[in-house]
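Everything below concerns the one structure shown next.
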Amino acid sequence: MRAEAYQQVDNRLAEEPVYEMKSGAEMIIECLKREGVDVIFGYPGGAVIPIYDALYDSGLKHVLSRHEQGAIHAADGYARSTGKVGVVIGTSGPGATNLVTGITNAYMDSIPLVVLTGQVPTSYIGTDAFQEADITGITMPITKHNYLVQRTQDLPKILKEAFYIARSGRPGPVLIDIPKDISYDVAPFYYPESVSIPSYQPTIEPNPSQVMKVAKTIEQAKRPLILAGGGVISSGAETELLQFVEKMQIPVTTTLMGLGGFPASHPLWLGMPGMHGTVTANRAIQNADLLISLGARFDDRVTGKIERFAPKAKIVHVDIDPAEVGKIIPTQLPLVGDIKHVLVQLMKKTSPGDTIEWIEQLQQWKKEKPLRYKDSKDGIKAQYVIEQLSNYTKGDAIISTDVGQHQMWTAQYYKFEKARTLLTSGGLGTMGFGLPAAVGAQVGHPDQKVVCISGDGSIQMNIQELATIVQQKLPLKIIILNNSYLGMVRQWQQIFHDCRYSCTFMTGPDFVKLAEAYGMLGIRAVKKEEVTEVLEQGMKHNGPVIMEFMVEEEENVFPFVPPGASLDEMIEGE
Amino acid sequence: MKYTLSLIVNDQAGVLTRIAGLFNRRGFNIDSITVGKTEEPGLSRMTIVVHGDKRLVEQIKKQLHKQIDVHKVIDITNEPMVARELIMIKVKATPQTLPEITNLIEPFRSTVVDVAHSTITIQATGDEDKLNAIIELLRPYGIKDLVRTGFAAIQRG
Ligand SMILES: Cc1ncc(C[n+]2csc(CCOP(=O)(O)OP(=O)(O)O)c2C)c(N)n1
């Protein structure tokens, strides 16, 4: 912690000698409650025993995972689906290092988490003590900020700051490493009601004169396009986006992270752009004269070859993080601020331009080049299963995915109508994310349908979490699209390596029996005609269920912009 | 092009690692980095010299600024400023060459900080050109050790 912050704590404690005495562990629990935390995900161990002891009769809900990676992805899924900060606890050493993938995953997708790790007692630090790992060192580049607590009395201030940093500005994970003696020690409990960090002041309101400039540019554009990313969702700006689009008549494409930020059923929605984007969305980018990026960060999976991305467009880049502006794409029109606030301001300052011809053109492309796949008569196509699920839920469900072909097909064929209904690992592409993320979402939304769509490869990366689901009595619906391959890698091997399927054929357990072994329902479809029946049975079942679909093995995801190619060079498929 | 950045950061464990790590992770190369306490308790000043193109340096500045422990990032490259580095050079010296060497360095206002049986150690401060000139002058005598502190810089006025 900062010297001036230590000083603040000391000054307050000196002021009033009547503060209640608490152990560090009790302080942690008390602070979590005051932050409004209602559930913690975690896994105990030696260094966090005092914290678990304080948790014992605290009334706080704790979800016990089967692996720390499961706990942190669950906290992440909880955060993505509720908009609140996810909280996770792990012990020192292996507990902490098992969290690393989950922290990186949250960092890449700007998800607010507070990660509490146990550490060996202060006097042991640096001695290679049992279960010691330098987790603040390890996580420096993958956290928004981290702390190693050195004095018990600083815990409340650090926790308060951590929650503030995690959720404000561009959200992200914050880690607090707590040596065991700090948790046991007793100190006066002073709780700061507010946070002030002089060196951290996120910009929320955009610069008014810059808003005017951008507004003028938008009004004059003939072929404007909005590229909406995950920032729209973390800002909670979906309503403002819809209003702005309808007023201005500007078409919208949403990145993987932005799906649900704009309703898929809206006529001005063009689908997802990029490597597996729609023809219309990619053509729109390549032909737009103005690209308005809202909380998107020009990932290479979106842009393709950067030098040939949006060649005719001026770029308006709206982001709460100034470091994103100009990082990948040079822009003359940056607008730093919270997207919701930016849209409110822009709405006041703009009147609709003339975009009718442009929209007609796009509607035509949409008609000519819809997403399509060659359906089969008997066999099951993964795309078909997802379409059927989409028809069944009508967007009224929370969907988590793993990583691979099934993820892209979900992004393509499932119609996301509402924000926070898609939980997917966008930046890091973490296989094994889907199942635990669904656990977190279901914990946060006990009465909603939560569906995890996974592949036979990904599901085996955190399969142990089935036990968490059963123990917590979560009515999760798990869809496994089983193609016997690490499908997405196989697709690249097929296209770029002449069908040399090196180490991508994969066997798994009998998932139906596995479901039963864990104490849940398992059902399977092997023929196309069984798909709807299995889906209906599974979705209606009032407990957890695995629905396994034996899908066509060598199906590919199209359209496909090969890595390094420009968005004009789409392979549209057979 | 070479850029000189002046940072005000929290004076606390881990900050140097955090800043250095950031350069490493984002693929920026540091020419030199120096840290020291400022007049205000709790704050340190870092002087970082980097080279790269303008866009890269813009990105560095923003990434630095994003760190919670960083209060200020000032690009003083084009500001009126004084940048100084201290070097110590240990040169081979014999009774014959010793007077020659001391003569040689005199115009540089450098000082002899140690004379031993077969070496002489010279301390000099200054800007890059001056220090390079001294080093080149002394090279023919045989440099045994060279220590450089890296640049500290301050704005004029
Ligand atoms: C942790 C991790 N390891 C490896 C990869 C590389 N990878 C990306 S997609 C993929 C295949 C996924 O297979 P599966 O889950 O069966 O889904 P499918 O593509 O068949 O739908 C692999 C191995 C990854 N994304 N994450």
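So you can find residues: chains in the structure tokens are A, B, ... in the order shown, residues in each start at 1, and ligands are numbered from 1 in order.
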
What residues in chain B have any atom no more than 6 Å from chain A when counting only C-alpha atoms, and can you write them as an mmCIF file with all heavy atoms, in the first residue's frame?
data_model
loop_
_atom_site.group_PDB
_atom_site.id
_atom_site.type_symbol
_atom_site.label_atom_id
_atom_site.label_comp_id
_atom_site.auth_asym_id
_atom_site.auth_seq_id
_atom_site.Cartn_x
_atom_site.Cartn_y
_atom_site.Cartn_z
ATOM 1 N N GLY B 42 7.080 9.562 0.548
ATOM 2 C CA GLY B 42 6.104 8.633 -0.038
ATOM 3 C C GLY B 42 6.135 8.613 -1.559
ATOM 4 O O GLY B 42 5.525 7.766 -2.178
ATOM 5 N N LYS B 62 0.882 6.004 -21.933
ATOM 6 C CA LYS B 62 -0.473 5.674 -21.474
ATOM 7 C C LYS B 62 -0.471 4.443 -20.579
ATOM 8 O O LYS B 62 -1.186 4.388 -19.579
ATOM 9 C CB LYS B 62 -1.376 5.444 -22.678
ATOM 10 C CG LYS B 62 -1.738 6.719 -23.395
ATOM 11 C CD LYS B 62 -2.549 6.364 -24.606
ATOM 12 C CE LYS B 62 -2.989 7.566 -25.395
ATOM 13 N NZ LYS B 62 -3.622 7.138 -26.647
ATOM 14 N N GLN B 63 0.315 3.467 -20.950
ATOM 15 C CA GLN B 63 0.358 2.257 -20.131
ATOM 16 C C GLN B 63 0.953 2.565 -18.759
ATOM 17 O O GLN B 63 0.520 2.015 -17.747
ATOM 18 C CB GLN B 63 1.170 1.146 -20.827
ATOM 19 C CG GLN B 63 0.528 0.601 -22.101
ATOM 20 C CD GLN B 63 -0.779 -0.142 -21.849
ATOM 21 O OE1 GLN B 63 -1.123 -0.467 -20.723
ATOM 22 N NE2 GLN B 63 -1.515 -0.410 -22.916
ATOM 23 N N ILE B 68 -1.779 2.078 -11.110
ATOM 24 C CA ILE B 68 -2.346 2.750 -9.942
ATOM 25 C C ILE B 68 -1.237 3.460 -9.160
ATOM 26 O O ILE B 68 -1.475 4.473 -8.514
ATOM 27 C CB ILE B 68 -3.058 1.721 -9.019
ATOM 28 C CG1 ILE B 68 -3.996 0.818 -9.816
ATOM 29 C CG2 ILE B 68 -3.754 2.395 -7.844
ATOM 30 C CD1 ILE B 68 -5.303 1.367 -10.224
ATOM 31 N N HIS B 71 1.705 8.449 -10.382
ATOM 32 C CA HIS B 71 0.963 9.701 -10.238
ATOM 33 C C HIS B 71 1.055 10.558 -11.493
ATOM 34 O O HIS B 71 0.079 11.157 -11.908
ATOM 35 C CB HIS B 71 1.502 10.510 -9.054
ATOM 36 C CG HIS B 71 1.177 9.896 -7.739
ATOM 37 N ND1 HIS B 71 0.263 10.428 -6.875
ATOM 38 C CD2 HIS B 71 1.625 8.764 -7.148
ATOM 39 C CE1 HIS B 71 0.161 9.668 -5.797
ATOM 40 N NE2 HIS B 71 0.988 8.643 -5.942
#

For this session: Let me have all residues with an atom within 9 Å of ligand 1, counting only C-alpha atoms and all ligand atoms, laid out as a ChimeraX atom specification.
Result: /A:101,382,402-409,428-433,454-461,480-491,504,506,553

Put those residues in a file: N, CA and C atoms, as an mmCIF file, in the first residue's frame.
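And here's selection07.cif as it stands now:
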data_model
loop_
_atom_site.group_PDB
_atom_site.id
_atom_site.type_symbol
_atom_site.label_atom_id
_atom_site.label_comp_id
_atom_site.auth_asym_id
_atom_site.auth_seq_id
_atom_site.Cartn_x
_atom_site.Cartn_y
_atom_site.Cartn_z
ATOM 1 N N THR A 101 -4.618 -18.699 -14.459
ATOM 2 C CA THR A 101 -5.338 -18.679 -15.740
ATOM 3 C C THR A 101 -6.639 -17.875 -15.621
ATOM 4 N N ALA A 382 -23.642 -29.398 -35.586
ATOM 5 C CA ALA A 382 -23.590 -28.610 -34.350
ATOM 6 C C ALA A 382 -24.401 -27.319 -34.493
ATOM 7 N N ASP A 402 -17.446 -22.755 -24.006
ATOM 8 C CA ASP A 402 -16.023 -23.001 -23.898
ATOM 9 C C ASP A 402 -15.357 -22.402 -25.125
ATOM 10 N N VAL A 403 -14.241 -22.974 -25.544
ATOM 11 C CA VAL A 403 -13.498 -22.359 -26.645
ATOM 12 C C VAL A 403 -13.290 -23.357 -27.774
ATOM 13 N N GLY A 404 -13.582 -22.922 -28.964
ATOM 14 C CA GLY A 404 -13.423 -23.790 -30.125
ATOM 15 C C GLY A 404 -14.526 -23.529 -31.129
ATOM 16 N N GLN A 405 -14.778 -24.514 -31.955
ATOM 17 C CA GLN A 405 -15.800 -24.354 -32.985
ATOM 18 C C GLN A 405 -17.175 -24.089 -32.374
ATOM 19 N N HIS A 406 -17.485 -24.843 -31.312
ATOM 20 C CA HIS A 406 -18.812 -24.692 -30.701
ATOM 21 C C HIS A 406 -19.022 -23.252 -30.216
ATOM 22 N N GLN A 407 -17.933 -22.625 -29.793
ATOM 23 C CA GLN A 407 -18.010 -21.232 -29.318
ATOM 24 C C GLN A 407 -18.382 -20.309 -30.479
ATOM 25 N N MET A 408 -17.721 -20.513 -31.614
ATOM 26 C CA MET A 408 -17.997 -19.665 -32.773
ATOM 27 C C MET A 408 -19.393 -19.933 -33.330
ATOM 28 N N TRP A 409 -19.795 -21.201 -33.341
ATOM 29 C CA TRP A 409 -21.156 -21.498 -33.815
ATOM 30 C C TRP A 409 -22.196 -20.896 -32.883
ATOM 31 N N LEU A 428 -8.635 -14.332 -23.875
ATOM 32 C CA LEU A 428 -7.645 -15.373 -23.604
ATOM 33 C C LEU A 428 -7.988 -16.669 -24.337
ATOM 34 N N GLY A 429 -9.270 -16.890 -24.624
ATOM 35 C CA GLY A 429 -9.674 -18.128 -25.290
ATOM 36 C C GLY A 429 -9.367 -19.341 -24.437
ATOM 37 N N THR A 430 -9.913 -19.340 -23.218
ATOM 38 C CA THR A 430 -9.581 -20.363 -22.243
ATOM 39 C C THR A 430 -10.519 -21.567 -22.317
ATOM 40 N N MET A 431 -10.038 -22.680 -22.854
ATOM 41 C CA MET A 431 -10.830 -23.911 -22.753
ATOM 42 C C MET A 431 -10.971 -24.236 -21.266
ATOM 43 N N GLY A 432 -12.154 -24.703 -20.873
ATOM 44 C CA GLY A 432 -12.388 -25.016 -19.469
ATOM 45 C C GLY A 432 -13.087 -23.891 -18.738
ATOM 46 N N PHE A 433 -13.366 -22.804 -19.449
ATOM 47 C CA PHE A 433 -14.046 -21.649 -18.838
ATOM 48 C C PHE A 433 -15.546 -21.898 -18.680
ATOM 49 N N SER A 454 -20.537 -26.636 -24.698
ATOM 50 C CA SER A 454 -19.125 -26.994 -24.670
ATOM 51 C C SER A 454 -18.803 -28.027 -25.753
ATOM 52 N N GLY A 455 -17.508 -28.285 -25.898
ATOM 53 C CA GLY A 455 -17.060 -29.331 -26.802
ATOM 54 C C GLY A 455 -16.539 -30.501 -25.980
ATOM 55 N N ASP A 456 -16.326 -31.618 -26.635
ATOM 56 C CA ASP A 456 -15.853 -32.790 -25.870
ATOM 57 C C ASP A 456 -14.433 -32.571 -25.354
ATOM 58 N N GLY A 457 -13.685 -31.671 -25.980
ATOM 59 C CA GLY A 457 -12.355 -31.350 -25.477
ATOM 60 C C GLY A 457 -12.428 -30.421 -24.279
ATOM 61 N N SER A 458 -13.059 -29.283 -24.481
ATOM 62 C CA SER A 458 -13.111 -28.261 -23.426
ATOM 63 C C SER A 458 -13.751 -28.771 -22.140
ATOM 64 N N ILE A 459 -14.823 -29.526 -22.283
ATOM 65 C CA ILE A 459 -15.561 -29.925 -21.073
ATOM 66 C C ILE A 459 -14.663 -30.751 -20.153
ATOM 67 N N GLN A 460 -13.698 -31.454 -20.771
ATOM 68 C CA GLN A 460 -12.838 -32.297 -19.940
ATOM 69 C C GLN A 460 -11.767 -31.495 -19.200
ATOM 70 N N MET A 461 -11.695 -30.200 -19.501
ATOM 71 C CA MET A 461 -10.684 -29.380 -18.812
ATOM 72 C C MET A 461 -11.097 -28.971 -17.414
ATOM 73 N N ILE A 480 -23.025 -30.808 -24.643
ATOM 74 C CA ILE A 480 -21.716 -31.176 -25.176
ATOM 75 C C ILE A 480 -21.885 -31.508 -26.659
ATOM 76 N N LEU A 481 -21.213 -30.732 -27.502
ATOM 77 C CA LEU A 481 -21.246 -31.014 -28.934
ATOM 78 C C LEU A 481 -20.015 -31.881 -29.209
ATOM 79 N N ASN A 482 -20.256 -33.171 -29.264
ATOM 80 C CA ASN A 482 -19.146 -34.126 -29.318
ATOM 81 C C ASN A 482 -18.789 -34.468 -30.761
ATOM 82 N N ASN A 483 -17.621 -33.972 -31.199
ATOM 83 C CA ASN A 483 -17.167 -34.288 -32.561
ATOM 84 C C ASN A 483 -15.907 -35.159 -32.538
ATOM 85 N N SER A 484 -15.562 -35.661 -31.369
ATOM 86 C CA SER A 484 -14.399 -36.549 -31.206
ATOM 87 C C SER A 484 -13.069 -35.887 -31.559
ATOM 88 N N TYR A 485 -13.095 -34.600 -31.732
ATOM 89 C CA TYR A 485 -11.866 -33.893 -32.090
ATOM 90 C C TYR A 485 -11.731 -32.626 -31.259
ATOM 91 N N LEU A 486 -10.506 -32.130 -31.178
ATOM 92 C CA LEU A 486 -10.292 -30.742 -30.790
ATOM 93 C C LEU A 486 -10.582 -29.960 -32.057
ATOM 94 N N GLY A 487 -11.880 -29.733 -32.261
ATOM 95 C CA GLY A 487 -12.390 -29.374 -33.583
ATOM 96 C C GLY A 487 -11.734 -28.155 -34.213
ATOM 97 N N MET A 488 -11.562 -27.093 -33.435
ATOM 98 C CA MET A 488 -11.048 -25.871 -34.037
ATOM 99 C C MET A 488 -9.600 -26.057 -34.503
ATOM 100 N N VAL A 489 -8.826 -26.806 -33.725
ATOM 101 C CA VAL A 489 -7.446 -27.056 -34.131
ATOM 102 C C VAL A 489 -7.444 -27.975 -35.360
ATOM 103 N N ARG A 490 -8.329 -28.984 -35.310
ATOM 104 C CA ARG A 490 -8.447 -29.875 -36.467
ATOM 105 C C ARG A 490 -8.799 -29.104 -37.730
ATOM 106 N N GLN A 491 -9.698 -28.121 -37.603
ATOM 107 C CA GLN A 491 -10.074 -27.313 -38.770
ATOM 108 C C GLN A 491 -8.845 -26.607 -39.349
ATOM 109 N N THR A 504 -5.135 -34.356 -32.497
ATOM 110 C CA THR A 504 -6.396 -33.666 -32.238
ATOM 111 C C THR A 504 -7.587 -34.623 -32.167
ATOM 112 N N MET A 506 -9.625 -37.210 -30.211
ATOM 113 C CA MET A 506 -9.700 -37.294 -28.762
ATOM 114 C C MET A 506 -10.850 -38.183 -28.315
ATOM 115 N N GLU A 553 -18.224 -35.032 -37.433
ATOM 116 C CA GLU A 553 -16.861 -34.883 -36.909
ATOM 117 C C GLU A 553 -16.035 -33.817 -37.611
#

Exercise. What is the atom CA of A:Ser81-atom CA of A:Ile292 distance in Å, reported with one decimal?
Worked result: 25.8 Å

Exercise. Can you list every residue in stretch 1-58 of chain B that DSSP puts in alpha helix (DSSP H), as a list in words?
Worked result: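 The residues of stretch 1-58 of chain B classed as alpha helix (DSSP H) are Val15, Leu16, Thr17, Arg18, Ile19, Ala20, Gly21, Leu22, Phe23, Asn24, Arg25, Lys54, Arg55, Leu56, Val57 and Glu58 of chain B.
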
Let's have the selection written as a short mmCIF file (atom, residue, chain, number, x, y, z; two decimals), in the first residue's frame, with all heavy atoms.
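Result file is result.cif:
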data_model
loop_
_atom_site.label_atom_id
_atom_site.label_comp_id
_atom_site.auth_asym_id
_atom_site.auth_seq_id
_atom_site.Cartn_x
_atom_site.Cartn_y
_atom_site.Cartn_z
N VAL B 15 7.18 -1.32 -6.88
CA VAL B 15 6.84 -0.38 -7.95
C VAL B 15 7.85 -0.44 -9.10
O VAL B 15 7.47 -0.45 -10.27
CB VAL B 15 6.70 1.07 -7.42
CG1 VAL B 15 6.46 2.05 -8.56
CG2 VAL B 15 5.56 1.15 -6.44
N LEU B 16 9.11 -0.55 -8.75
CA LEU B 16 10.13 -0.63 -9.80
C LEU B 16 9.92 -1.88 -10.66
O LEU B 16 9.97 -1.83 -11.88
CB LEU B 16 11.54 -0.62 -9.17
CG LEU B 16 12.70 -0.68 -10.16
CD1 LEU B 16 12.68 0.52 -11.11
CD2 LEU B 16 14.03 -0.73 -9.42
N THR B 17 9.64 -3.00 -9.98
CA THR B 17 9.36 -4.25 -10.69
C THR B 17 8.17 -4.08 -11.62
O THR B 17 8.16 -4.54 -12.76
CB THR B 17 9.00 -5.37 -9.70
OG1 THR B 17 9.81 -5.24 -8.56
CG2 THR B 17 9.13 -6.74 -10.31
N ARG B 18 7.15 -3.43 -11.09
CA ARG B 18 5.93 -3.24 -11.86
C ARG B 18 6.20 -2.43 -13.13
O ARG B 18 5.74 -2.77 -14.22
CB ARG B 18 4.92 -2.50 -10.97
CG ARG B 18 3.49 -2.62 -11.39
CD ARG B 18 2.61 -1.85 -10.41
NE ARG B 18 2.38 -2.55 -9.16
CZ ARG B 18 1.48 -3.53 -9.01
NH1 ARG B 18 0.74 -3.90 -10.03
NH2 ARG B 18 1.33 -4.12 -7.86
N ILE B 19 6.96 -1.37 -12.98
CA ILE B 19 7.24 -0.49 -14.13
C ILE B 19 8.15 -1.23 -15.13
O ILE B 19 7.87 -1.28 -16.33
CB ILE B 19 7.93 0.82 -13.67
CG1 ILE B 19 7.06 1.56 -12.65
CG2 ILE B 19 8.28 1.70 -14.86
CD1 ILE B 19 5.81 2.16 -13.19
N ALA B 20 9.22 -1.83 -14.59
CA ALA B 20 10.16 -2.53 -15.48
C ALA B 20 9.44 -3.68 -16.19
O ALA B 20 9.62 -3.91 -17.39
CB ALA B 20 11.35 -3.04 -14.68
N GLY B 21 8.58 -4.38 -15.43
CA GLY B 21 7.83 -5.51 -16.00
C GLY B 21 6.92 -5.06 -17.12
O GLY B 21 6.75 -5.74 -18.13
N LEU B 22 6.34 -3.88 -16.94
CA LEU B 22 5.44 -3.35 -17.96
C LEU B 22 6.17 -3.11 -19.28
O LEU B 22 5.67 -3.43 -20.35
CB LEU B 22 4.87 -2.03 -17.44
CG LEU B 22 3.84 -1.39 -18.33
CD1 LEU B 22 2.47 -1.59 -17.74
CD2 LEU B 22 4.09 0.07 -18.51
N PHE B 23 7.38 -2.58 -19.18
CA PHE B 23 8.17 -2.35 -20.40
C PHE B 23 8.45 -3.68 -21.09
O PHE B 23 8.29 -3.82 -22.28
CB PHE B 23 9.48 -1.64 -20.04
CG PHE B 23 9.34 -0.16 -19.93
CD1 PHE B 23 8.83 0.42 -18.79
CD2 PHE B 23 9.68 0.65 -21.00
CE1 PHE B 23 8.67 1.80 -18.69
CE2 PHE B 23 9.53 2.03 -20.92
CZ PHE B 23 9.03 2.60 -19.76
N ASN B 24 8.85 -4.64 -20.27
CA ASN B 24 9.16 -5.96 -20.79
C ASN B 24 7.96 -6.58 -21.49
O ASN B 24 8.03 -7.04 -22.63
CB ASN B 24 9.61 -6.83 -19.62
CG ASN B 24 10.07 -8.18 -20.07
OD1 ASN B 24 10.74 -8.29 -21.09
ND2 ASN B 24 9.71 -9.20 -19.33
N ARG B 25 6.80 -6.55 -20.81
CA ARG B 25 5.62 -7.21 -21.33
C ARG B 25 5.11 -6.58 -22.62
O ARG B 25 4.62 -7.26 -23.50
CB ARG B 25 4.51 -7.13 -20.28
CG ARG B 25 3.21 -7.69 -20.73
CD ARG B 25 2.29 -7.92 -19.56
NE ARG B 25 1.44 -6.80 -19.28
CZ ARG B 25 0.29 -6.57 -19.92
NH1 ARG B 25 -0.10 -7.38 -20.87
NH2 ARG B 25 -0.45 -5.54 -19.61
N LYS B 54 7.25 7.54 -32.33
CA LYS B 54 6.37 8.38 -31.55
C LYS B 54 5.16 7.60 -31.02
O LYS B 54 4.76 7.74 -29.88
CB LYS B 54 5.90 9.53 -32.45
CG LYS B 54 5.16 10.60 -31.72
CD LYS B 54 5.18 11.90 -32.51
CE LYS B 54 4.48 13.02 -31.80
NZ LYS B 54 3.09 13.07 -31.77
N ARG B 55 4.62 6.74 -31.90
CA ARG B 55 3.41 6.03 -31.51
C ARG B 55 3.69 5.07 -30.36
O ARG B 55 2.91 4.94 -29.42
CB ARG B 55 2.87 5.26 -32.72
CG ARG B 55 1.38 5.25 -32.71
CD ARG B 55 0.78 4.69 -33.95
NE ARG B 55 -0.07 3.61 -33.57
CZ ARG B 55 -0.32 2.57 -34.34
NH1 ARG B 55 0.25 2.48 -35.53
NH2 ARG B 55 -1.13 1.63 -33.94
N LEU B 56 4.84 4.41 -30.44
CA LEU B 56 5.22 3.48 -29.39
C LEU B 56 5.37 4.21 -28.05
O LEU B 56 4.88 3.76 -27.02
CB LEU B 56 6.55 2.80 -29.76
CG LEU B 56 7.00 1.69 -28.83
CD1 LEU B 56 6.16 0.45 -29.06
CD2 LEU B 56 8.47 1.36 -29.04
N VAL B 57 5.98 5.37 -28.13
CA VAL B 57 6.20 6.13 -26.89
C VAL B 57 4.89 6.65 -26.32
O VAL B 57 4.68 6.65 -25.11
CB VAL B 57 7.23 7.25 -27.12
CG1 VAL B 57 7.36 8.13 -25.90
CG2 VAL B 57 8.59 6.63 -27.46
N GLU B 58 3.97 7.04 -27.21
CA GLU B 58 2.64 7.44 -26.74
C GLU B 58 2.00 6.30 -25.97
O GLU B 58 1.40 6.48 -24.92
CB GLU B 58 1.74 7.79 -27.95
CG GLU B 58 1.94 9.20 -28.49
CD GLU B 58 1.83 10.25 -27.40
OE1 GLU B 58 0.85 10.24 -26.65
OE2 GLU B 58 2.78 11.07 -27.29
#

Problem set entry | Spatial neighbours of A:Leu521, max dist 9 Å, only C-alpha atoms, sep filter under 6 positions, as a VMD selection string | chain A and resid 512 to 513 515 538 541 543 to 547

Exercise. Which residues, written as a list in words, have at least one atom at most 10 Å from A:Tyr392, with only C-alpha atoms counted and residues fewer than 4 positions away on the same chain left out?
Worked result: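 What passes the distance filter is Ile386, Glu387, Gln388, Asp396, Ala397, Thr532, Leu535, Glu536 and Met539 of chain A.
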